[in-house]
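Visitor: Input my_file-v9.txt, format and content: compact mmCIF, C-alpha atoms.
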```txt
# COMPACT_ATOMS: atom_id res chain seq x y z
CA VAL A 149 -17.77 -5.95 -0.39
CA ALA A 150 -16.25 -8.90 -2.25
CA LEU A 151 -12.95 -10.69 -2.57
CA TYR A 152 -11.64 -12.42 -5.69
CA ALA A 153 -8.72 -14.85 -5.48
CA THR A 154 -6.80 -17.15 -7.79
CA THR A 155 -6.13 -20.72 -6.65
CA ALA A 156 -2.46 -19.86 -6.13
CA ALA A 157 -3.45 -16.90 -3.93
CA VAL A 158 -5.89 -19.04 -1.93
CA ARG A 159 -3.06 -21.44 -1.16
CA ARG A 160 -0.64 -18.61 -0.31
CA HIS A 161 -3.08 -16.61 1.82
CA ALA A 162 -5.29 -19.31 3.34
CA GLU A 163 -5.58 -17.51 6.65
CA LEU A 164 -6.60 -14.22 5.06
CA ILE A 165 -9.26 -15.98 2.96
CA ALA A 166 -10.60 -17.76 6.02
CA ASP A 167 -10.75 -14.47 7.94
CA ALA A 168 -12.65 -12.80 5.10
CA GLU A 169 -15.18 -15.64 4.93
CA ALA A 170 -15.56 -15.70 8.70
CA ALA A 171 -16.29 -11.97 8.61
CA GLY A 172 -19.13 -12.63 6.18
CA HIS A 173 -17.43 -11.39 3.01
CA ARG A 174 -18.08 -13.12 -0.28
CA VAL A 175 -14.97 -14.82 -1.70
CA ASP A 176 -14.95 -15.91 -5.36
CA LEU A 177 -12.33 -18.08 -6.99
CA VAL A 178 -11.24 -16.78 -10.40
CA SER A 179 -8.85 -18.01 -13.09
CA ASP A 180 -5.54 -16.26 -13.76
CA ASP A 181 -7.02 -14.87 -16.99
CA VAL A 182 -9.99 -13.35 -15.21
CA MET A 183 -7.70 -11.89 -12.53
CA ALA A 184 -5.46 -10.39 -15.23
CA ALA A 185 -8.51 -8.78 -16.86
CA MET A 186 -9.83 -7.40 -13.57
CA ALA A 187 -6.54 -6.15 -12.11
CA ASP A 188 -4.77 -2.93 -12.94
CA THR A 189 -1.21 -4.21 -12.47
CA VAL A 190 0.85 -6.13 -15.01
CA THR A 191 1.59 -8.90 -12.53
CA PRO A 192 -1.44 -9.09 -10.20
CA GLN A 193 -0.86 -10.53 -6.73
CA GLY A 194 -3.82 -12.89 -7.09
CA LEU A 195 -6.10 -11.10 -4.63
CA LEU A 196 -8.54 -8.38 -5.59
CA ALA A 197 -11.04 -6.80 -3.23
CA VAL A 198 -14.01 -4.60 -4.05
CA CYS A 199 -14.29 -1.91 -1.37
CA ARG A 200 -16.57 1.01 -0.66
CA LEU A 201 -15.28 4.51 -1.47
CA VAL A 202 -13.32 5.94 1.45
CA ASP A 203 -14.17 9.66 1.21
CA VAL A 204 -15.15 11.33 4.47
CA ALA A 205 -16.58 14.84 4.84
CA LEU A 206 -14.22 17.39 6.41
CA ASP A 207 -16.89 18.33 8.97
CA VAL A 208 -16.90 14.75 10.22
CA VAL A 209 -13.10 14.81 10.48
CA VAL A 210 -12.92 18.02 12.53
CA ALA A 211 -15.69 16.80 14.81
CA GLY A 212 -13.17 14.19 15.97
CA ARG A 213 -10.83 16.98 17.16
CA PRO A 214 -7.75 15.81 15.22
CA ARG A 215 -4.36 17.08 16.37
CA LEU A 216 -2.46 16.29 13.17
CA VAL A 217 -3.78 16.57 9.60
CA ALA A 218 -2.02 16.63 6.22
CA VAL A 219 -3.47 18.73 3.40
CA LEU A 220 -2.29 18.12 -0.17
CA ALA A 221 -2.88 21.07 -2.50
CA ASN A 222 -3.06 20.13 -6.19
CA VAL A 223 -0.86 17.05 -5.79
CA ARG A 224 -1.26 15.25 -9.11
CA ASP A 225 0.96 12.18 -8.89
CA PRO A 226 -0.95 9.19 -7.44
CA GLY A 227 2.23 7.54 -6.11
CA ASN A 228 3.22 10.71 -4.25
CA ALA A 229 -0.25 11.19 -2.78
CA GLY A 230 -0.43 7.55 -1.67
CA THR A 231 3.03 7.67 -0.10
CA VAL A 232 2.09 10.79 1.87
CA ILE A 233 -1.10 9.06 3.09
CA ARG A 234 1.02 6.13 4.29
CA ALA A 235 3.52 8.46 6.02
CA ALA A 236 0.69 10.48 7.59
CA ASP A 237 -0.80 7.28 9.00
CA ALA A 238 2.61 6.22 10.37
CA ALA A 239 3.09 9.62 12.02
CA GLY A 240 -0.32 9.33 13.67
CA ALA A 241 -2.18 11.92 11.59
CA ARG A 242 -5.94 11.47 11.73
CA ALA A 243 -6.76 12.67 8.24
CA VAL A 244 -5.41 13.60 4.84
CA VAL A 245 -7.24 16.24 2.79
CA LEU A 246 -6.80 16.02 -0.99
CA ALA A 247 -7.64 19.64 -1.77
CA GLY A 248 -8.04 21.52 -5.04
CA ASP A 249 -7.08 19.57 -8.15
CA SER A 250 -5.37 16.76 -6.24
CA VAL A 251 -5.47 13.21 -7.59
CA ASP A 252 -8.41 10.94 -6.72
CA VAL A 253 -7.53 8.76 -3.72
CA HIS A 254 -9.26 5.85 -5.51
CA ASN A 255 -6.74 5.95 -8.37
CA PRO A 256 -5.30 2.41 -8.41
CA LYS A 257 -1.68 3.55 -8.14
CA CYS A 258 -2.58 5.83 -5.23
CA VAL A 259 -4.43 3.00 -3.47
CA ARG A 260 -1.42 0.69 -3.80
CA SER A 261 1.04 3.37 -2.64
CA THR A 262 -0.89 3.85 0.59
CA ALA A 263 -0.12 0.20 1.51
CA GLY A 264 -3.50 0.01 3.25
CA SER A 265 -3.27 3.32 5.07
CA LEU A 266 -6.26 4.78 3.18
CA PHE A 267 -8.36 2.50 5.43
CA HIS A 268 -6.58 3.64 8.64
CA LEU A 269 -7.21 7.38 8.57
CA SER A 270 -9.85 9.65 7.10
CA VAL A 271 -9.39 10.86 3.53
CA VAL A 272 -11.24 14.02 2.48
CA SER A 273 -11.63 14.91 -1.20
CA GLY A 274 -13.29 17.51 -3.38
CA VAL A 275 -12.73 20.54 -1.19
CA ALA A 276 -11.11 23.82 -2.21
CA LEU A 277 -7.87 24.61 -0.35
CA ALA A 278 -9.21 27.89 1.07
CA ASP A 279 -12.31 26.13 2.41
CA ALA A 280 -10.25 23.31 3.91
CA VAL A 281 -7.92 25.79 5.63
CA ALA A 282 -10.85 27.82 7.01
CA THR A 283 -12.58 24.73 8.39
CA LEU A 284 -9.42 23.31 9.97
CA ARG A 285 -8.48 26.67 11.52
CA SER A 286 -11.90 27.19 13.05
CA ALA A 287 -11.56 23.69 14.52
CA GLY A 288 -8.50 24.91 16.45
CA LEU A 289 -5.66 23.70 14.23
CA GLN A 290 -2.86 26.02 13.22
CA VAL A 291 -2.21 25.91 9.49
CA VAL A 292 1.44 25.49 8.50
CA ALA A 293 2.37 25.59 4.82
CA THR A 294 5.62 24.21 3.44
CA ALA A 295 7.69 25.89 0.75
CA GLY A 296 11.35 25.85 -0.19
CA SER A 297 11.26 29.64 0.20
CA GLY A 298 9.57 29.53 3.62
CA GLN A 299 10.85 32.17 6.05
CA THR A 300 10.97 29.80 9.01
CA SER A 301 13.21 26.74 8.98
CA LEU A 302 11.77 23.57 10.48
CA ASP A 303 15.02 23.42 12.47
CA ASP A 304 14.20 26.74 14.20
CA LEU A 305 10.80 25.42 15.22
CA LEU A 306 12.48 22.42 16.86
CA ASP A 307 14.74 24.71 18.87
CA ASP A 308 11.88 26.81 20.18
CA PRO A 309 11.15 25.69 23.76
CA ASP A 310 7.56 26.87 23.32
CA THR A 311 7.55 25.34 19.91
CA ALA A 312 4.42 25.73 17.90
CA LEU A 313 5.03 22.19 16.74
CA ARG A 314 3.28 20.85 19.82
CA LEU A 315 0.01 22.57 18.89
CA PRO A 316 -2.69 20.86 16.83
CA THR A 317 -1.46 21.35 13.29
CA ALA A 318 -2.65 21.02 9.72
CA TRP A 319 0.36 20.82 7.39
CA VAL A 320 -0.21 22.02 3.82
CA PHE A 321 1.95 20.51 1.07
CA GLY A 322 1.94 21.74 -2.53
CA ASN A 323 2.26 20.17 -5.94
CA GLU A 324 5.34 17.97 -6.51
CA GLY A 325 6.54 20.14 -9.40
CA TRP A 326 5.80 23.75 -8.57
CA GLY A 327 4.98 23.68 -4.85
CA LEU A 328 2.45 26.04 -3.28
CA SER A 329 1.50 29.26 -5.06
CA PRO A 330 2.09 32.53 -3.14
CA ASP A 331 -1.69 32.86 -2.77
CA ASP A 332 -1.94 29.38 -1.29
CA GLN A 333 0.99 30.10 1.06
CA GLY A 334 -0.86 33.24 2.13
CA LEU A 335 -3.70 31.11 3.51
CA ALA A 336 -1.40 29.64 6.19
CA ASP A 337 -0.45 30.95 9.64
CA LEU A 338 3.20 30.10 8.99
CA VAL A 339 5.29 29.08 5.97
CA VAL A 340 8.04 26.63 6.88
CA ARG A 341 10.89 25.23 4.81
CA VAL A 342 12.61 21.92 5.39
CA PRO A 343 16.25 23.04 5.50
CA ILE A 344 18.57 21.71 2.80
CA TYR A 345 22.02 21.10 4.30
CA GLY A 346 23.64 19.66 1.18
CA GLN A 347 23.45 20.66 -2.45
CA ALA A 348 20.11 19.10 -3.32
CA GLU A 349 17.72 21.60 -4.86
CA SER A 350 14.82 20.19 -2.88
CA LEU A 351 13.42 17.12 -1.18
CA ASN A 352 10.71 15.19 -2.94
CA LEU A 353 7.18 15.79 -1.70
CA ALA A 354 6.77 12.57 0.31
CA ALA A 355 10.16 12.96 2.02
CA ALA A 356 9.45 16.59 3.02
CA ALA A 357 5.98 15.67 4.25
CA THR A 358 7.32 12.77 6.32
CA VAL A 359 9.93 14.97 8.04
CA CYS A 360 7.32 17.65 8.86
CA LEU A 361 4.64 15.23 10.10
CA TYR A 362 7.12 13.35 12.30
CA ALA A 363 8.48 16.64 13.69
CA SER A 364 4.93 17.43 14.84
CA ALA A 365 4.31 13.91 16.11
CA PHE A 366 7.51 13.93 18.20
CA ALA A 367 6.80 17.42 19.60
CA GLN A 368 3.16 16.65 20.43
CA ARG A 369 4.07 13.43 22.20
CA ARG A 370 6.83 15.14 24.19
CA ALA A 371 4.43 17.92 25.22
CA ASN A 372 1.88 15.38 26.43
CA SER A 373 4.24 13.09 28.34
CA PRO A 374 4.80 13.74 32.06
CA VAL B 275 31.94 14.15 -21.27
CA ALA B 276 29.36 15.04 -23.92
CA LEU B 277 25.92 16.58 -24.15
CA TYR B 278 23.28 15.72 -26.74
CA ALA B 279 20.28 17.98 -27.27
CA THR B 280 17.27 18.17 -29.58
CA THR B 281 16.49 21.51 -31.24
CA ALA B 282 13.48 21.92 -28.96
CA ALA B 283 15.69 21.37 -25.91
CA VAL B 284 18.30 23.85 -27.18
CA ARG B 285 15.60 26.47 -27.42
CA ARG B 286 14.17 25.60 -24.01
CA HIS B 287 17.53 25.39 -22.19
CA ALA B 288 19.65 27.94 -24.09
CA GLU B 289 21.47 29.08 -20.95
CA LEU B 290 22.36 25.54 -19.89
CA ILE B 291 23.69 24.73 -23.36
CA ALA B 292 25.77 27.92 -23.36
CA ASP B 293 27.17 27.05 -19.92
CA ALA B 294 28.13 23.57 -21.08
CA GLU B 295 29.90 24.92 -24.15
CA ALA B 296 31.65 27.64 -22.14
CA ALA B 297 32.91 24.92 -19.78
CA GLY B 298 34.49 23.13 -22.72
CA HIS B 299 31.96 20.31 -23.06
CA ARG B 300 31.03 19.01 -26.46
CA VAL B 301 27.38 19.65 -27.37
CA ASP B 302 25.82 17.73 -30.28
CA LEU B 303 22.47 18.46 -31.81
CA VAL B 304 20.42 15.30 -32.48
CA SER B 305 17.03 14.60 -34.04
CA ASP B 306 14.06 13.50 -31.97
CA ASP B 307 14.43 9.98 -33.39
CA VAL B 308 18.08 9.74 -32.35
CA MET B 309 17.22 11.07 -28.89
CA ALA B 310 14.42 8.51 -28.56
CA ALA B 311 16.87 5.73 -29.47
CA MET B 312 19.54 6.96 -27.04
CA ALA B 313 17.30 7.73 -24.07
CA ASP B 314 15.91 5.28 -21.56
CA THR B 315 12.62 7.09 -20.89
CA VAL B 316 9.47 6.88 -23.00
CA THR B 317 9.25 10.66 -23.30
CA PRO B 318 12.85 11.95 -23.17
CA GLN B 319 13.36 15.50 -21.97
CA GLY B 320 15.53 16.33 -24.99
CA LEU B 321 18.84 16.54 -23.10
CA LEU B 322 21.17 13.59 -22.61
CA ALA B 323 24.60 13.81 -21.03
CA VAL B 324 27.38 11.24 -21.03
CA CYS B 325 29.10 11.34 -17.62
CA ARG B 326 31.94 9.50 -15.95
CA LEU B 327 31.03 6.80 -13.42
CA VAL B 328 30.59 8.27 -9.96
CA ASP B 329 31.90 5.46 -7.73
CA VAL B 330 34.29 6.53 -4.99
CA ALA B 331 36.32 4.19 -2.77
CA LEU B 332 35.20 4.01 0.86
CA ASP B 333 38.75 4.77 2.03
CA VAL B 334 38.60 8.09 0.18
CA VAL B 335 35.25 8.86 1.79
CA VAL B 336 36.39 8.21 5.37
CA ALA B 337 39.58 10.22 4.80
CA GLY B 338 37.26 13.24 4.51
CA ARG B 339 36.04 12.61 8.09
CA PRO B 340 32.32 12.52 7.29
CA ARG B 341 29.86 13.07 10.13
CA LEU B 342 26.81 11.62 8.40
CA VAL B 343 26.73 8.64 6.02
CA ALA B 344 23.87 6.46 4.74
CA VAL B 345 24.49 2.77 4.08
CA LEU B 346 21.99 0.81 1.98
CA ALA B 347 22.14 -2.96 2.53
CA ASN B 348 20.77 -5.02 -0.37
CA VAL B 349 18.39 -2.28 -1.53
CA ARG B 350 17.19 -3.53 -4.92
CA ASP B 351 14.75 -0.94 -6.18
CA PRO B 352 16.51 1.78 -8.18
CA GLY B 353 13.84 4.39 -7.42
CA ASN B 354 14.17 3.76 -3.69
CA ALA B 355 17.96 3.93 -3.76
CA GLY B 356 17.92 7.14 -5.80
CA THR B 357 15.36 8.77 -3.53
CA VAL B 358 17.50 7.93 -0.47
CA ILE B 359 20.57 9.44 -2.18
CA ARG B 360 18.59 12.64 -2.81
CA ALA B 361 17.35 12.74 0.80
CA ALA B 362 20.86 12.02 2.13
CA ASP B 363 22.20 14.94 0.10
CA ALA B 364 19.43 17.22 1.40
CA ALA B 365 20.19 16.21 5.00
CA GLY B 366 23.86 17.02 4.48
CA ALA B 367 25.22 13.46 4.42
CA ARG B 368 28.62 13.22 2.78
CA ALA B 369 28.27 9.77 1.31
CA VAL B 370 25.92 6.92 0.49
CA VAL B 371 27.28 3.37 0.51
CA LEU B 372 25.43 0.86 -1.70
CA ALA B 373 26.51 -2.29 0.16
CA GLY B 374 25.99 -5.95 -0.57
CA ASP B 375 23.62 -6.72 -3.42
CA SER B 376 22.29 -3.19 -3.71
CA VAL B 377 21.27 -1.78 -7.08
CA ASP B 378 23.90 -0.13 -9.30
CA VAL B 379 23.84 3.65 -8.79
CA HIS B 380 24.27 4.02 -12.57
CA ASN B 381 20.93 2.31 -13.22
CA PRO B 382 18.98 4.91 -15.28
CA LYS B 383 15.99 4.95 -12.95
CA CYS B 384 18.28 5.36 -9.94
CA VAL B 385 20.14 8.22 -11.64
CA ARG B 386 16.88 10.04 -12.37
CA SER B 387 15.52 9.49 -8.85
CA THR B 388 18.56 11.18 -7.33
CA ALA B 389 17.58 14.42 -9.15
CA GLY B 390 21.29 15.24 -9.52
CA SER B 391 22.32 14.35 -5.98
CA LEU B 392 24.58 11.51 -7.15
CA PHE B 393 26.96 14.30 -8.25
CA HIS B 394 26.72 16.14 -4.90
CA LEU B 395 27.89 13.49 -2.48
CA SER B 396 30.16 10.44 -2.68
CA VAL B 397 28.61 7.15 -3.73
CA VAL B 398 30.43 3.94 -2.76
CA SER B 399 29.58 0.63 -4.43
CA GLY B 400 30.72 -2.98 -4.44
CA VAL B 401 31.54 -3.33 -0.76
CA ALA B 402 30.22 -5.99 1.62
CA LEU B 403 28.10 -4.64 4.48
CA ALA B 404 30.41 -6.04 7.18
CA ASP B 405 33.43 -4.42 5.55
CA ALA B 406 31.64 -1.09 5.14
CA VAL B 407 30.58 -1.13 8.80
CA ALA B 408 34.10 -1.99 9.99
CA THR B 409 35.68 0.79 7.92
CA LEU B 410 33.14 3.41 9.00
CA ARG B 411 33.42 2.43 12.66
CA SER B 412 37.21 2.60 12.66
CA ALA B 413 36.86 6.06 11.14
CA GLY B 414 35.00 7.15 14.27
CA LEU B 415 31.38 6.85 13.18
CA GLN B 416 28.83 5.04 15.29
CA VAL B 417 26.83 2.55 13.28
CA VAL B 418 23.05 2.73 13.75
CA ALA B 419 20.85 0.17 12.03
CA THR B 420 17.14 0.67 11.43
CA ALA B 421 14.54 -2.05 11.85
CA GLY B 422 10.83 -2.10 12.63
CA SER B 423 11.69 -4.37 15.56
CA GLY B 424 14.51 -2.12 16.85
CA GLN B 425 14.69 -1.92 20.65
CA THR B 426 15.30 1.83 20.72
CA SER B 427 12.72 4.24 19.34
CA LEU B 428 14.05 7.21 17.39
CA ASP B 429 11.82 9.29 19.65
CA ASP B 430 13.76 8.17 22.75
CA LEU B 431 17.03 9.21 21.13
CA LEU B 432 15.59 12.69 20.54
CA ASP B 433 14.65 12.99 24.20
CA ASP B 434 18.12 12.04 25.42
CA PRO B 435 19.92 15.26 26.41
CA ASP B 436 23.25 13.59 25.68
CA THR B 437 21.73 12.14 22.60
CA ALA B 438 23.90 9.88 20.55
CA LEU B 439 22.31 11.51 17.54
CA ARG B 440 24.84 14.33 17.71
CA LEU B 441 27.75 11.95 17.20
CA PRO B 442 29.15 11.15 13.75
CA THR B 443 26.79 8.47 12.49
CA ALA B 444 26.50 5.92 9.72
CA TRP B 445 22.85 4.89 9.33
CA VAL B 446 22.24 1.42 7.89
CA PHE B 447 18.98 0.82 6.01
CA GLY B 448 17.85 -2.60 4.79
CA ASN B 449 16.02 -3.96 1.79
CA GLU B 450 12.62 -2.38 1.01
CA GLY B 451 10.82 -5.70 1.34
CA TRP B 452 12.41 -7.66 4.14
CA GLY B 453 14.54 -5.07 5.97
CA LEU B 454 17.84 -5.96 7.65
CA SER B 455 18.57 -9.56 8.58
CA PRO B 456 19.30 -10.28 12.27
CA ASP B 457 22.96 -10.87 11.32
CA ASP B 458 23.15 -7.51 9.59
CA GLN B 459 21.48 -5.81 12.56
CA GLY B 460 24.09 -7.46 14.75
CA LEU B 461 26.83 -5.51 12.98
CA ALA B 462 25.49 -2.22 14.34
CA ASP B 463 26.13 -0.44 17.64
CA LEU B 464 22.43 0.29 18.02
CA VAL B 465 19.22 -0.85 16.30
CA VAL B 466 16.63 1.91 16.10
CA ARG B 467 13.02 1.86 14.94
CA VAL B 468 11.11 4.79 13.54
CA PRO B 469 8.03 4.74 15.77
CA ILE B 470 4.68 4.09 14.10
CA TYR B 471 1.99 6.15 15.84
CA GLY B 472 -0.90 5.15 13.59
CA GLN B 473 -1.92 1.81 12.11
CA ALA B 474 0.55 1.67 9.21
CA GLU B 475 2.57 -1.53 9.21
CA SER B 476 5.71 0.36 8.28
CA LEU B 477 7.11 3.40 6.54
CA ASN B 478 8.58 2.98 3.10
CA LEU B 479 12.36 2.88 2.95
CA ALA B 480 12.94 6.41 1.66
CA ALA B 481 10.56 7.95 4.19
CA ALA B 482 12.19 6.13 7.11
CA ALA B 483 15.66 7.04 5.88
CA THR B 484 14.73 10.70 5.52
CA VAL B 485 13.36 10.91 9.07
CA CYS B 486 16.51 9.26 10.50
CA LEU B 487 19.00 11.32 8.50
CA TYR B 488 17.24 14.59 9.34
CA ALA B 489 17.09 13.62 13.03
CA SER B 490 20.89 13.30 12.96
CA ALA B 491 21.32 16.49 10.93
CA PHE B 492 19.19 18.52 13.35
CA ALA B 493 20.95 17.07 16.44
CA GLN B 494 24.45 17.56 15.00
CA ARG B 495 23.74 21.15 14.07
CA ARG B 496 22.24 21.90 17.47
CA ALA B 497 25.29 20.38 19.19
CA ASN B 498 27.62 22.55 17.11
CA SER B 499 25.78 25.85 17.48
CA PRO B 500 26.71 28.19 20.35
```
How does this structure look as structure tokens?
Guide:
Amino acid sequence: VALYATTAAVRRHAELIADAEAAGHRVDLVSDDVMAAMADTVTPQGLLAVCRLVDVALDVVVAGRPRLVAVLANVRDPGNAGTVIRAADAAGARAVVLAGDSVDVHNPKCVRSTAGSLFHLSVVSGVALADAVATLRSAGLQVVATAGSGQTSLDDLLDDPDTALRLPTAWVFGNEGWGLSPDDQGLADLVVRVPIYGQAESLNLAAAATVCLYASAFAQRRANSP
Amino acid sequence: VALYATTAAVRRHAELIADAEAAGHRVDLVSDDVMAAMADTVTPQGLLAVCRLVDVALDVVVAGRPRLVAVLANVRDPGNAGTVIRAADAAGARAVVLAGDSVDVHNPKCVRSTAGSLFHLSVVSGVALADAVATLRSAGLQVVATAGSGQTSLDDLLDDPDTALRLPTAWVFGNEGWGLSPDDQGLADLVVRVPIYGQAESLNLAAAATVCLYASAFAQRRANSP
């Protein structure tokens, strides 16, 4: 909608500013003091854009027949949620659903953690986990929950020649502190654990999500190649 | 060496305190004010332990014939380094080498990000990247660097029936901002990229490291199972 830039940023990002103007966006020059007052960070980068909200309805997402979706259930930390959105984008997921009491995707720290990925895939908010799972399942995606106590190891899924990993999948990840409740795990078709081979108690949320999403991405691509 | 606890923490972690005392460790009760002055965090958890430094010499590490090692080259952010140490532990790596100008593993934020994993595997510090690579290679590990511009996709390695991923491997990860320099990449036997299937410019360091380390862990375990 609008772009604000300090003189230093205009000099540093001349090409970006020119692109924005050429695309018909309004660009306003502001002083360092004004930028500091507008920005959320302690040391602003000198560029601040006003954007439209990115929420998309889940019905619109499933109409696009996605093959890989990440669902975050009650994930509260904005940095974690943003990092998962970035990893989901990298792994080729089409959407991330922030279900239940998950953090708002427009939280400034979440926005920054996505490194732009919130504009690359669809982000769905304000939907209960059970409703999200029901909608995704009826759109043909299997629903795979992750939990440290999951009966199936991700490793076993990789070994399966008819691995379910190649099927369209919605991965469900729980809160960074307490994971997925038994009730929430019960909503899934399968509860998978990322195996821990060392002595770590667990992986952090973003690391576990990245391993799972890439496992699906690799398996789906292998299944579809000649 | 010593454990300091507030009264609230003693009540909350009675079993842990008892274990520490039974193991012969000194436990001192401190006021909230003293804890606040000793601790690095804004809201201390009420427990503070004094520990010995964890550095181990690389020669000691390779004498243990490790099959999976992570090398961080000039990784500056303590949270990133700690998160990689935690992921390396989870994936069963035996050691993490903080090479070149990497952050000190004893940095408080790094310590916290490891979630205890700095005590589970060996951490090597104060070694130049070229020296670390030479020592690891002569100990029989292949050296695989990661870079967004890497000629080999991790996906192609997975597809290789004689995949090099099953061999003892030292993964080299570069700085979170600018990656590995061409010279540093040149030290490796192979330069691999984690494929980006969506529109993300890159994965963050810890996410990329986790995917690579788990790819090795899965392949090594599959190679060793009947």
Visitor: Region 281-287 of chain A: which residues within 8 Å, counting all atoms listed in the file, same-chain residues fewer than 3 positions away excluded, as a short mmCIF file (atom, residue, chain, number, x, y, z; two decimals) with C-alpha atoms, keeping the file's coordinate frame?
Guide:
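The result, written out as around06.cif:
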```cif
data_model
loop_
_atom_site.label_atom_id
_atom_site.label_comp_id
_atom_site.auth_asym_id
_atom_site.auth_seq_id
_atom_site.Cartn_x
_atom_site.Cartn_y
_atom_site.Cartn_z
CA LEU A 206 -14.22 17.39 6.41
CA ASP A 207 -16.89 18.33 8.97
CA VAL A 210 -12.92 18.02 12.53
CA ARG A 213 -10.83 16.98 17.16
CA LEU A 277 -7.87 24.61 -0.35
CA ALA A 278 -9.21 27.89 1.07
CA GLN A 290 -2.86 26.02 13.22
CA VAL A 291 -2.21 25.91 9.49
CA ALA A 318 -2.65 21.02 9.72
CA LEU A 335 -3.70 31.11 3.51
CA ALA A 336 -1.40 29.64 6.19
#
```
Visitor: Tell me, counting only C-alpha atoms, for each residue of chain A within 10 Å of chain B, which pair of atoms is nearest and how far apart they are in Å to one decimal, in rows ordered by chain and increasing number, as CSV.
Guide:
```
residue,atom,partner,partner_atom,distance
A:Thr231,CA,B:Asn478,CA,7.9
A:Val232,CA,B:Ala481,CA,9.2
A:Ile233,CA,B:Ala474,CA,9.7
A:Arg234,CA,B:Ala474,CA,6.7
A:Ala235,CA,B:Leu477,CA,6.2
A:Ala236,CA,B:Gly472,CA,8.2
A:Asp237,CA,B:Gly472,CA,5.1
A:Ala238,CA,B:Ile470,CA,4.8
A:Ala239,CA,B:Tyr471,CA,5.3
A:Gly240,CA,B:Gly472,CA,4.2
A:Ala241,CA,B:Gly472,CA,7.2
A:Arg242,CA,B:Gly472,CA,8.3
A:Ser261,CA,B:Asn478,CA,9.5
A:Thr262,CA,B:Ala474,CA,9.0
A:Ala263,CA,B:Ala474,CA,7.9
A:Gly264,CA,B:Ala474,CA,7.4
A:Ser265,CA,B:Ala474,CA,5.9
A:Leu266,CA,B:Ala474,CA,9.6
A:Phe267,CA,B:Gln473,CA,9.3
A:His268,CA,B:Gln473,CA,6.1
A:Leu269,CA,B:Gly472,CA,8.4
A:Leu302,CA,B:Phe492,CA,9.4
A:Asp303,CA,B:Phe492,CA,6.5
A:Asp304,CA,B:Phe492,CA,9.7
A:Leu306,CA,B:Phe492,CA,8.5
A:Asp307,CA,B:Arg496,CA,8.1
A:Val342,CA,B:Ala364,CA,9.2
A:Pro343,CA,B:Ala364,CA,7.8
A:Ile344,CA,B:Ala364,CA,4.8
A:Tyr345,CA,B:Gly366,CA,4.5
A:Gly346,CA,B:Gly366,CA,4.2
A:Gln347,CA,B:His394,CA,6.1
A:Ala348,CA,B:Ala364,CA,5.1
A:Glu349,CA,B:Ala364,CA,7.8
A:Ser350,CA,B:Ala364,CA,7.0
A:Leu351,CA,B:Ala361,CA,6.2
A:Asn352,CA,B:Thr357,CA,7.9
A:Ala354,CA,B:Ala481,CA,7.1
A:Ala355,CA,B:Ala481,CA,5.5
A:Ala356,CA,B:Thr484,CA,8.3
A:Ala357,CA,B:Ala481,CA,9.0
A:Thr358,CA,B:Ala481,CA,6.2
A:Val359,CA,B:Val485,CA,5.4
A:Cys360,CA,B:Val485,CA,9.1
A:Leu361,CA,B:Val485,CA,9.8
A:Tyr362,CA,B:Val485,CA,7.4
A:Ala363,CA,B:Val485,CA,8.8
A:Ala365,CA,B:Tyr471,CA,8.1
A:Phe366,CA,B:Asp429,CA,6.5
A:Ala367,CA,B:Asp429,CA,9.6
A:Arg369,CA,B:Asp429,CA,9.1
A:Arg370,CA,B:Asp433,CA,8.1
```
Visitor: Which residue gives the smallest distance to Val202 (chain A) among A:Thr317, A:Ser273, A:Asn323, A:Ser329, with only C-alpha atoms counted?
Guide: A:Ser273
Visitor: I'd like the neighbourhood of region 310-315 of chain B as an mmCIF file with C-alpha atoms, keeping the file's coordinate frame, where a residue qualifies if any of its atoms comes within 12 Å (using all atoms listed in the file), though same-chain residues fewer than 3 positions away should be ignored.
Guide:
```cif
data_model
loop_
_atom_site.group_PDB
_atom_site.id
_atom_site.type_symbol
_atom_site.label_atom_id
_atom_site.label_comp_id
_atom_site.auth_asym_id
_atom_site.auth_seq_id
_atom_site.Cartn_x
_atom_site.Cartn_y
_atom_site.Cartn_z
ATOM 1 C CA LEU B 277 25.920 16.580 -24.150
ATOM 2 C CA TYR B 278 23.280 15.720 -26.740
ATOM 3 C CA ALA B 279 20.280 17.980 -27.270
ATOM 4 C CA THR B 280 17.270 18.170 -29.580
ATOM 5 C CA VAL B 304 20.420 15.300 -32.480
ATOM 6 C CA SER B 305 17.030 14.600 -34.040
ATOM 7 C CA ASP B 306 14.060 13.500 -31.970
ATOM 8 C CA ASP B 307 14.430 9.980 -33.390
ATOM 9 C CA PRO B 318 12.850 11.950 -23.170
ATOM 10 C CA GLN B 319 13.360 15.500 -21.970
ATOM 11 C CA GLY B 320 15.530 16.330 -24.990
ATOM 12 C CA LEU B 321 18.840 16.540 -23.100
ATOM 13 C CA LEU B 322 21.170 13.590 -22.610
ATOM 14 C CA ALA B 323 24.600 13.810 -21.030
ATOM 15 C CA VAL B 324 27.380 11.240 -21.030
ATOM 16 C CA ASN B 381 20.930 2.310 -13.220
ATOM 17 C CA PRO B 382 18.980 4.910 -15.280
ATOM 18 C CA LYS B 383 15.990 4.950 -12.950
ATOM 19 C CA CYS B 384 18.280 5.360 -9.940
ATOM 20 C CA VAL B 385 20.140 8.220 -11.640
ATOM 21 C CA ARG B 386 16.880 10.040 -12.370
#
```
Visitor: Dig up all the protein and nucleic acid residues within 10 Å of (-15.6, 11.8, -0.3) in the file frame, using all atoms listed in the file, and format them as a list in words.
Guide: Leu201, Val202, Asp203, Val204, Ala205, Leu206, Val245, Leu246, Asp252, Val253, Ser270, Val271, Val272, Ser273, Gly274 and Val275 of chain A
